[in-house]
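Here the structure comes first, spelled out in structure tokens, and everything after it is commentary.
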Amino acid sequence: MMSTRMLSKEDEATIGSSEDTEVRREDQEKINRFSRLHQRETVLQENLKAKQKDKEDLEEISTELELADEDELVPYKIGDSFVHLPLEQAQTMLASSTEQIDSEVSKLEDMLGELRDEMQQLKVALYARFGRSINLET
């Protein structure tokens with residue numbers, strides 16, 4: 001496993017600054033891997049934003065349900081339909097949905113962290129080899 005360290009702009013300028021540094025097959029594979037990871041990062045970030053928005057919505061609904069009358073039926077969305085449920089059942093289902101969203105958010109954050117670690121390792125290796133002649137800023 002590669003050790004990760006950040007390269008300063010000065011390091012990038014001095015390392016691999018030769019304009020005629022040959023791009024080897026392994027270099028191209030690293031560049032391609034970085035590109036795929038960057039695309040995956042973008043998709044994961046969008047998914048994470050959507051899940052975080054869903055989580056906020058569920059928290060807002062939970063707060064509103066605390067003010068509801070216990071004897072009234074509460075409209076609860078299941079799929080594309082609404083069903084009227086007793087308050088306690090709606091709160092139980094809402095808690096379950098919130099738990100699931102929390103789990104999904106946590107999983108996405110972990111995946112993003114691992115992906116970004118690998119991207120950083122690739123950046124270090126590629127900047128060390130090519131210096132300023134390569135641009136991996138995302």
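Chain identifiers are assigned as A, B, and so on, following the order in which chains appear in the structure tokens; residues are numbered from 1 within each chain, and ligands are numbered from 1 in order of appearance.
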10 Å contact set for range 60-72 of chain A, only C-alpha atoms, chain neighbours under 4 positions out, as an MDAnalysis selection string: chainID A and resid 54:56 84:88 90:91 94:95 98
Residue subset to file, keeping N, CA and C atoms, as a PDB file, in the first residue's frame:
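Output contents, as saved in result_4.pdb:
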```
ATOM      1  N   ASP A  54     -33.170  13.755   2.005  1.00  0.00           N
ATOM      2  CA  ASP A  54     -34.229  12.863   2.500  1.00  0.00           C
ATOM      3  C   ASP A  54     -34.199  12.782   4.025  1.00  0.00           C
ATOM      4  N   LYS A  55     -32.993  12.706   4.577  1.00  0.00           N
ATOM      5  CA  LYS A  55     -32.837  12.625   6.031  1.00  0.00           C
ATOM      6  C   LYS A  55     -33.385  13.887   6.704  1.00  0.00           C
ATOM      7  N   GLU A  56     -33.054  15.046   6.142  1.00  0.00           N
ATOM      8  CA  GLU A  56     -33.565  16.314   6.685  1.00  0.00           C
ATOM      9  C   GLU A  56     -35.085  16.347   6.631  1.00  0.00           C
ATOM     10  N   HIS A  84     -53.647   6.409   5.704  1.00  0.00           N
ATOM     11  CA  HIS A  84     -53.880   7.054   6.997  1.00  0.00           C
ATOM     12  C   HIS A  84     -53.623   6.031   8.095  1.00  0.00           C
ATOM     13  N   LEU A  85     -52.672   6.355   8.968  1.00  0.00           N
ATOM     14  CA  LEU A  85     -52.252   5.455  10.033  1.00  0.00           C
ATOM     15  C   LEU A  85     -52.399   6.129  11.391  1.00  0.00           C
ATOM     16  N   PRO A  86     -52.537   5.319  12.438  1.00  0.00           N
ATOM     17  CA  PRO A  86     -52.500   5.894  13.787  1.00  0.00           C
ATOM     18  C   PRO A  86     -51.126   6.548  14.005  1.00  0.00           C
ATOM     19  N   LEU A  87     -51.104   7.599  14.801  1.00  0.00           N
ATOM     20  CA  LEU A  87     -49.877   8.370  15.030  1.00  0.00           C
ATOM     21  C   LEU A  87     -48.709   7.486  15.456  1.00  0.00           C
ATOM     22  N   GLU A  88     -48.934   6.595  16.411  1.00  0.00           N
ATOM     23  CA  GLU A  88     -47.853   5.752  16.933  1.00  0.00           C
ATOM     24  C   GLU A  88     -47.252   4.869  15.831  1.00  0.00           C
ATOM     25  N   ALA A  90     -47.316   5.488  12.578  1.00  0.00           N
ATOM     26  CA  ALA A  90     -46.611   6.374  11.647  1.00  0.00           C
ATOM     27  C   ALA A  90     -45.240   6.755  12.206  1.00  0.00           C
ATOM     28  N   GLN A  91     -45.184   7.041  13.505  1.00  0.00           N
ATOM     29  CA  GLN A  91     -43.902   7.392  14.130  1.00  0.00           C
ATOM     30  C   GLN A  91     -42.930   6.211  14.108  1.00  0.00           C
ATOM     31  N   LEU A  94     -41.695   5.878  10.586  1.00  0.00           N
ATOM     32  CA  LEU A  94     -40.800   6.999  10.312  1.00  0.00           C
ATOM     33  C   LEU A  94     -39.428   6.764  10.946  1.00  0.00           C
ATOM     34  N   ALA A  95     -39.418   6.239  12.161  1.00  0.00           N
ATOM     35  CA  ALA A  95     -38.150   5.942  12.839  1.00  0.00           C
ATOM     36  C   ALA A  95     -37.375   4.886  12.060  1.00  0.00           C
ATOM     37  N   THR A  98     -35.920   6.514   8.998  1.00  0.00           N
ATOM     38  CA  THR A  98     -34.798   7.371   9.388  1.00  0.00           C
ATOM     39  C   THR A  98     -33.557   6.535   9.662  1.00  0.00           C
TER      40      THR A  98
END
```
So that I can see what lies close to Ser35 in chain A, please list as a ChimeraX atom specification the residues with an atom at most 10 Å from it, counting only C-alpha atoms and leaving out residues fewer than 4 positions away in the same chain. /A:29-31,39-41,119,136,138
Take the residues from that selection and put them in a file with C-alpha atoms, as an mmCIF file, in the first residue's frame.
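Saved result, part-v2.cif, follows:
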```cif
data_model
loop_
_atom_site.group_PDB
_atom_site.id
_atom_site.type_symbol
_atom_site.label_atom_id
_atom_site.label_comp_id
_atom_site.auth_asym_id
_atom_site.auth_seq_id
_atom_site.Cartn_x
_atom_site.Cartn_y
_atom_site.Cartn_z
ATOM 1 C CA GLU A 29 -3.557 2.757 -16.124
ATOM 2 C CA LYS A 30 -3.193 5.043 -13.082
ATOM 3 C CA ILE A 31 -4.553 8.001 -15.064
ATOM 4 C CA GLN A 39 -16.529 9.963 -12.138
ATOM 5 C CA ARG A 40 -17.611 7.588 -9.369
ATOM 6 C CA GLU A 41 -16.943 10.301 -6.778
ATOM 7 C CA MET A 119 -7.466 9.114 -5.558
ATOM 8 C CA LEU A 136 -5.453 16.029 -11.813
ATOM 9 C CA THR A 138 -10.942 17.983 -9.703
#
```
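Residues of range 37-107 of chain A assigned to strand (DSSP E or B) by DSSP on this structure's backbone: Leu73, Val74, Pro75, Tyr76, Lys77, Ile78, Ser81, Phe82, Val83, His84, Leu85 and Pro86 of chain A.
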By how many Å are CA of Glu46 in chain A and CA of Glu104 in chain A apart?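 Distance reported for this atom pair: 13.2 Å.
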Judged by only C-alpha atoms, the minimum distance to Arg24 in chain A among A:Phe130, A:Ile78, A:Glu137, A:Leu37 is found for A:Phe130
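Using only C-alpha atoms, the nearest neighbour of Ile101 in chain A within the list A:Leu44, A:Ala50, A:Val23, A:Leu115 is A:Ala50.
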In Å, rounded to a single decimal, give me how far CA of Ala128 in chain A is from CA of Arg116 in chain A.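 Interatomic distance, CA of Arg116 in chain A to CA of Ala128 in chain A: 18.0 Å.
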Two-atom distance - CA of Leu112 in chain A, CA of Arg132 in chain A (Å): 26.4 Å
Filtered DSSP result for chain A, state alpha helix (DSSP H), as a ChimeraX atom specification: /A:9-14,25-65,87-130
